[in-house]
$ cat run13.cif   # mmCIF, C-alpha atoms and all ligand atoms
data_coords
#
loop_
_atom_site.group_PDB
_atom_site.id
_atom_site.type_symbol
_atom_site.label_atom_id
_atom_site.label_comp_id
_atom_site.auth_asym_id
_atom_site.auth_seq_id
_atom_site.Cartn_x
_atom_site.Cartn_y
_atom_site.Cartn_z
ATOM 1 C CA MET I 956 -62.738 108.486 18.938
ATOM 2 C CA ALA I 957 -61.872 110.777 21.846
ATOM 3 C CA GLY I 958 -60.116 110.422 25.175
ATOM 4 C CA VAL I 959 -58.808 112.319 28.190
ATOM 5 C CA ASP I 960 -55.151 111.857 29.158
ATOM 6 C CA GLY I 961 -55.727 113.258 32.649
ATOM 7 C CA HIS I 962 -54.907 116.779 31.556
ATOM 8 C CA ARG I 963 -56.247 117.462 28.088
ATOM 9 C CA GLY I 964 -58.943 116.045 25.897
ATOM 10 C CA TRP I 965 -57.966 114.592 22.545
ATOM 11 C CA VAL I 966 -59.975 113.863 19.442
ATOM 12 C CA TYR I 967 -58.154 111.027 17.710
ATOM 13 C CA TYR I 968 -60.370 110.170 14.778
ATOM 14 C CA LEU I 969 -63.326 111.967 13.302
ATOM 15 C CA GLY I 970 -64.811 110.834 10.045
ATOM 16 C CA VAL I 971 -68.068 110.914 8.129
ATOM 17 C CA GLN I 972 -68.631 108.596 5.185
ATOM 18 C CA PRO I 973 -68.093 110.480 1.909
ATOM 19 C CA GLY I 974 -71.710 110.113 0.790
ATOM 20 C CA GLU I 975 -72.963 111.589 4.077
ATOM 21 C CA GLN I 976 -70.609 114.565 4.350
ATOM 22 C CA GLY I 977 -71.924 118.116 4.307
ATOM 23 C CA ARG I 978 -75.074 117.348 6.307
ATOM 24 C CA GLY I 979 -73.855 118.495 9.704
ATOM 25 C CA LEU I 980 -72.862 115.045 10.995
ATOM 26 C CA GLY I 981 -69.184 115.961 11.459
ATOM 27 C CA SER I 982 -70.141 119.033 13.476
ATOM 28 C CA ALA I 983 -72.555 116.991 15.608
ATOM 29 C CA LEU I 984 -69.867 114.360 16.265
ATOM 30 C CA LEU I 985 -67.317 117.021 17.221
ATOM 31 C CA ARG I 986 -69.776 118.727 19.570
ATOM 32 C CA ALA I 987 -70.627 115.379 21.161
ATOM 33 C CA ALA I 988 -66.923 114.608 21.639
ATOM 34 C CA GLU I 989 -66.324 118.042 23.194
ATOM 35 C CA ALA I 990 -69.288 117.585 25.534
ATOM 36 C CA TRP I 991 -68.041 114.155 26.600
ATOM 37 C CA LEU I 992 -64.484 115.422 27.117
ATOM 38 C CA GLY I 993 -65.695 118.436 29.121
ATOM 39 C CA ALA I 994 -67.826 116.183 31.308
ATOM 40 C CA HIS I 995 -64.729 114.064 31.964
ATOM 41 C CA GLY I 996 -62.592 116.946 33.200
ATOM 42 C CA ALA I 997 -60.910 118.243 30.064
ATOM 43 C CA ARG I 998 -60.675 122.030 29.808
ATOM 44 C CA LYS I 999 -58.928 122.030 26.446
ATOM 45 C CA VAL I 1000 -59.335 119.817 23.406
ATOM 46 C CA GLN I 1001 -56.540 119.093 20.968
ATOM 47 C CA LEU I 1002 -56.235 117.061 17.815
ATOM 48 C CA MET I 1003 -53.739 116.388 15.054
ATOM 49 C CA VAL I 1004 -54.330 116.911 11.348
ATOM 50 C CA ARG I 1005 -51.871 115.723 8.730
ATOM 51 C CA THR I 1006 -50.104 118.578 6.972
ATOM 52 C CA GLY I 1007 -51.912 119.286 3.730
ATOM 53 C CA ASN I 1008 -55.251 117.773 4.811
ATOM 54 C CA PRO I 1009 -57.826 120.342 3.631
ATOM 55 C CA VAL I 1010 -59.992 119.463 6.608
ATOM 56 C CA SER I 1011 -58.223 122.153 8.691
ATOM 57 C CA GLY I 1012 -60.929 124.572 7.520
ATOM 58 C CA PHE I 1013 -63.572 122.438 9.179
ATOM 59 C CA TYR I 1014 -61.795 122.676 12.532
ATOM 60 C CA ALA I 1015 -61.073 126.405 12.125
ATOM 61 C CA GLY I 1016 -64.808 126.889 11.698
ATOM 62 C CA HIS I 1017 -65.267 125.242 15.075
ATOM 63 C CA GLY I 1018 -62.773 127.528 16.834
ATOM 64 C CA TYR I 1019 -59.657 125.358 16.597
ATOM 65 C CA ALA I 1020 -56.350 127.133 15.983
ATOM 66 C CA VAL I 1021 -52.838 125.906 15.194
ATOM 67 C CA GLN I 1022 -50.855 125.308 18.409
ATOM 68 C CA ASP I 1023 -47.194 126.156 18.917
ATOM 69 C CA CYS I 1024 -46.150 122.533 19.283
ATOM 70 C CA LEU I 1025 -43.956 120.026 17.462
ATOM 71 C CA VAL I 1026 -45.233 116.453 17.206
ATOM 72 C CA LEU I 1027 -42.472 113.840 17.445
ATOM 73 C CA GLY I 1028 -42.723 110.126 16.867
ATOM 74 C CA ARG I 1029 -40.762 107.012 16.066
ATOM 75 C CA TRP I 1030 -41.615 103.491 15.010
ATOM 76 C CA LEU I 1031 -41.063 100.724 17.581
ATOM 77 C CA GLU I 1032 -39.497 97.408 16.637
ATOM 78 C CA PRO I 1033 -41.931 94.490 17.003
ATOM 79 C CA ALA I 1034 -41.573 92.817 20.433
ATOM 80 C CA ALA I 1035 -39.433 89.641 20.360
ATOM 81 C CA GLY I 1036 -41.157 86.322 21.035
HETATM 82 C C1 LIG N 1101 -64.093 116.588 8.323
HETATM 83 C C2 LIG N 1101 -65.402 115.856 8.282
HETATM 84 C C3 LIG N 1101 -65.527 114.958 9.528
HETATM 85 C C4 LIG N 1101 -66.541 116.898 8.304
HETATM 86 O O1 LIG N 1101 -67.769 116.210 8.386
HETATM 87 P P1 LIG N 1101 -69.087 116.781 7.682
HETATM 88 O O2 LIG N 1101 -70.244 115.998 8.200
HETATM 89 O O3 LIG N 1101 -68.903 116.853 6.206
HETATM 90 O O4 LIG N 1101 -69.105 118.290 8.244
HETATM 91 P P2 LIG N 1101 -70.362 119.240 8.449
HETATM 92 O O5 LIG N 1101 -71.434 118.904 7.463
HETATM 93 O O6 LIG N 1101 -70.745 119.227 9.883
HETATM 94 O O7 LIG N 1101 -69.707 120.652 8.057
HETATM 95 C C5 LIG N 1101 -69.686 121.721 8.977
HETATM 96 C C6 LIG N 1101 -69.000 122.898 8.329
HETATM 97 O O8 LIG N 1101 -67.625 122.595 8.012
HETATM 98 C C7 LIG N 1101 -67.378 122.873 6.647
HETATM 99 N N1 LIG N 1101 -66.427 121.891 6.138
HETATM 100 C C8 LIG N 1101 -66.608 120.565 6.046
HETATM 101 N N2 LIG N 1101 -65.504 119.984 5.527
HETATM 102 C C9 LIG N 1101 -64.632 121.008 5.280
HETATM 103 C C10 LIG N 1101 -63.325 121.070 4.751
HETATM 104 N N3 LIG N 1101 -62.686 119.961 4.344
HETATM 105 N N4 LIG N 1101 -62.716 122.279 4.658
HETATM 106 C C11 LIG N 1101 -63.364 123.408 5.044
HETATM 107 N N5 LIG N 1101 -64.599 123.405 5.573
HETATM 108 C C12 LIG N 1101 -65.219 122.216 5.677
HETATM 109 C C13 LIG N 1101 -68.722 122.751 5.979
HETATM 110 O O9 LIG N 1101 -68.723 123.520 4.773
HETATM 111 C C14 LIG N 1101 -69.656 123.331 7.018
HETATM 112 O O10 LIG N 1101 -69.601 124.725 6.971
HETATM 113 P P3 LIG N 1101 -70.928 125.616 7.197
HETATM 114 O O11 LIG N 1101 -71.450 125.244 8.566
HETATM 115 O O12 LIG N 1101 -70.432 127.008 7.104
HETATM 116 O O13 LIG N 1101 -71.840 125.192 6.108
HETATM 117 C C15 LIG N 1101 -65.539 115.032 6.979
HETATM 118 O O14 LIG N 1101 -65.284 115.889 5.880
HETATM 119 C C16 LIG N 1101 -64.594 113.845 6.885
HETATM 120 O O15 LIG N 1101 -64.909 112.762 7.381
HETATM 121 N N6 LIG N 1101 -63.454 114.001 6.206
HETATM 122 C C17 LIG N 1101 -62.563 112.889 5.910
HETATM 123 C C18 LIG N 1101 -61.898 112.336 7.150
HETATM 124 C C19 LIG N 1101 -60.940 113.319 7.765
HETATM 125 O O16 LIG N 1101 -60.088 113.877 7.093
HETATM 126 N N7 LIG N 1101 -61.122 113.505 9.080
HETATM 127 C C20 LIG N 1101 -60.270 114.375 9.856
HETATM 128 C C21 LIG N 1101 -58.988 113.693 10.241
HETATM 129 S S1 LIG N 1101 -58.151 114.691 11.432
#

$ encode --input "run13.cif" --output "structure tokens" --more "lines below"
Ligand SMILES: CC(C)(COP(=O)(O)OP(=O)(O)OC[C@H]1O[C@@H](n2cnc3c(N)ncnc32)[C@H](O)[C@@H]1OP(=O)(O)O)[C@@H](O)C(=O)NCCC(=O)NCCS
Amino acid sequence: MAGVDGHRGWVYYLGVQPGEQGRGLGSALLRAAEAWLGAHGARKVQLMVRTGNPVSGFYAGHGYAVQDCLVLGRWLEPAAG
């Protein structure tokens, strides 16, 4: 899943079923997402990987580097009513 926020392109979820990994599908999906994002005005693509997820090597192989950025978040209370 990918989207443009008006400034940057984001890849939110990328996954290949375990039995199908290692056949180039992840790379093809990432290239397709980058092509789509570029065609929709994004000049830079970003994504988040959980600390400790060994998948960072996959992204490094595709030219992605760690950004100097802190991700913040907080849980919202369920809306009343
Ligand atoms: C990451 C993922 C999408 C890669 O998909 P894939 O179809 O296996 O990847 P590819 O076959 O296109 O691999 C391309 C290259 O990346 C390398 N690679 C794949 N997974 C890797 C990993 N976890 N660490 C380091 N390198 C990896 C492959 O060895 C291959 O290298 P090569 O071209 O030199 O042979 C897949 O492993 C996956 O779905 N992982 C679980 C979900 C996940 O963690 N997604 C990311 C959340 S941010």

$ residues_near_ligand --input "run13.cif" --ligand "ligand LIG 1101 (chain N)" --cutoff "9 Å" --atoms "only C-alpha atoms and all ligand atoms" --output "ChimeraX atom specification"
/I:966-973,975-985,1002-1005,1008-1017

$ write_last_selection --input "run13.cif" --atoms "C-alpha atoms" --output "mmCIF file, in the coordinates of the input"
data_model
loop_
_atom_site.group_PDB
_atom_site.id
_atom_site.type_symbol
_atom_site.label_atom_id
_atom_site.label_comp_id
_atom_site.auth_asym_id
_atom_site.auth_seq_id
_atom_site.Cartn_x
_atom_site.Cartn_y
_atom_site.Cartn_z
ATOM 1 C CA VAL I 966 -59.975 113.863 19.442
ATOM 2 C CA TYR I 967 -58.154 111.027 17.710
ATOM 3 C CA TYR I 968 -60.370 110.170 14.778
ATOM 4 C CA LEU I 969 -63.326 111.967 13.302
ATOM 5 C CA GLY I 970 -64.811 110.834 10.045
ATOM 6 C CA VAL I 971 -68.068 110.914 8.129
ATOM 7 C CA GLN I 972 -68.631 108.596 5.185
ATOM 8 C CA PRO I 973 -68.093 110.480 1.909
ATOM 9 C CA GLU I 975 -72.963 111.589 4.077
ATOM 10 C CA GLN I 976 -70.609 114.565 4.350
ATOM 11 C CA GLY I 977 -71.924 118.116 4.307
ATOM 12 C CA ARG I 978 -75.074 117.348 6.307
ATOM 13 C CA GLY I 979 -73.855 118.495 9.704
ATOM 14 C CA LEU I 980 -72.862 115.045 10.995
ATOM 15 C CA GLY I 981 -69.184 115.961 11.459
ATOM 16 C CA SER I 982 -70.141 119.033 13.476
ATOM 17 C CA ALA I 983 -72.555 116.991 15.608
ATOM 18 C CA LEU I 984 -69.867 114.360 16.265
ATOM 19 C CA LEU I 985 -67.317 117.021 17.221
ATOM 20 C CA LEU I 1002 -56.235 117.061 17.815
ATOM 21 C CA MET I 1003 -53.739 116.388 15.054
ATOM 22 C CA VAL I 1004 -54.330 116.911 11.348
ATOM 23 C CA ARG I 1005 -51.871 115.723 8.730
ATOM 24 C CA ASN I 1008 -55.251 117.773 4.811
ATOM 25 C CA PRO I 1009 -57.826 120.342 3.631
ATOM 26 C CA VAL I 1010 -59.992 119.463 6.608
ATOM 27 C CA SER I 1011 -58.223 122.153 8.691
ATOM 28 C CA GLY I 1012 -60.929 124.572 7.520
ATOM 29 C CA PHE I 1013 -63.572 122.438 9.179
ATOM 30 C CA TYR I 1014 -61.795 122.676 12.532
ATOM 31 C CA ALA I 1015 -61.073 126.405 12.125
ATOM 32 C CA GLY I 1016 -64.808 126.889 11.698
ATOM 33 C CA HIS I 1017 -65.267 125.242 15.075
#

$ atom_distance --input "run13.cif" --atom1 "atom CA of I:Ala988" --atom2 "atom CA of I:Arg963"
12.8 Å

$ residues_around --input "run13.cif" --residues "I:Gly996" --least-positions-apart "5" --cutoff "12 Å" --atoms "only C-alpha atoms" --output "count of residues only"
11

$ atom_distance --input "run13.cif" --atom1 "atom CA of I:Arg986" --atom2 "atom CA of I:Lys999"
13.3 Å

$ closest_residue --input "run13.cif" --among "I:Gly974, I:Leu1031, I:Ala987, I:Gly1036" --to "I:Met956" --atoms "all atoms listed in the file"
I:Ala987

$ atom_distance --input "run13.cif" --atom1 "atom CA of I:Leu992" --atom2 "atom CA of I:Gly1028"
24.6 Å

$ closest_residue --input "run13.cif" --among "I:Leu1025, I:Ala1035, I:Ala1020, I:Ala957" --to "I:Gly993" --atoms "all atoms listed in the file"
I:Ala957
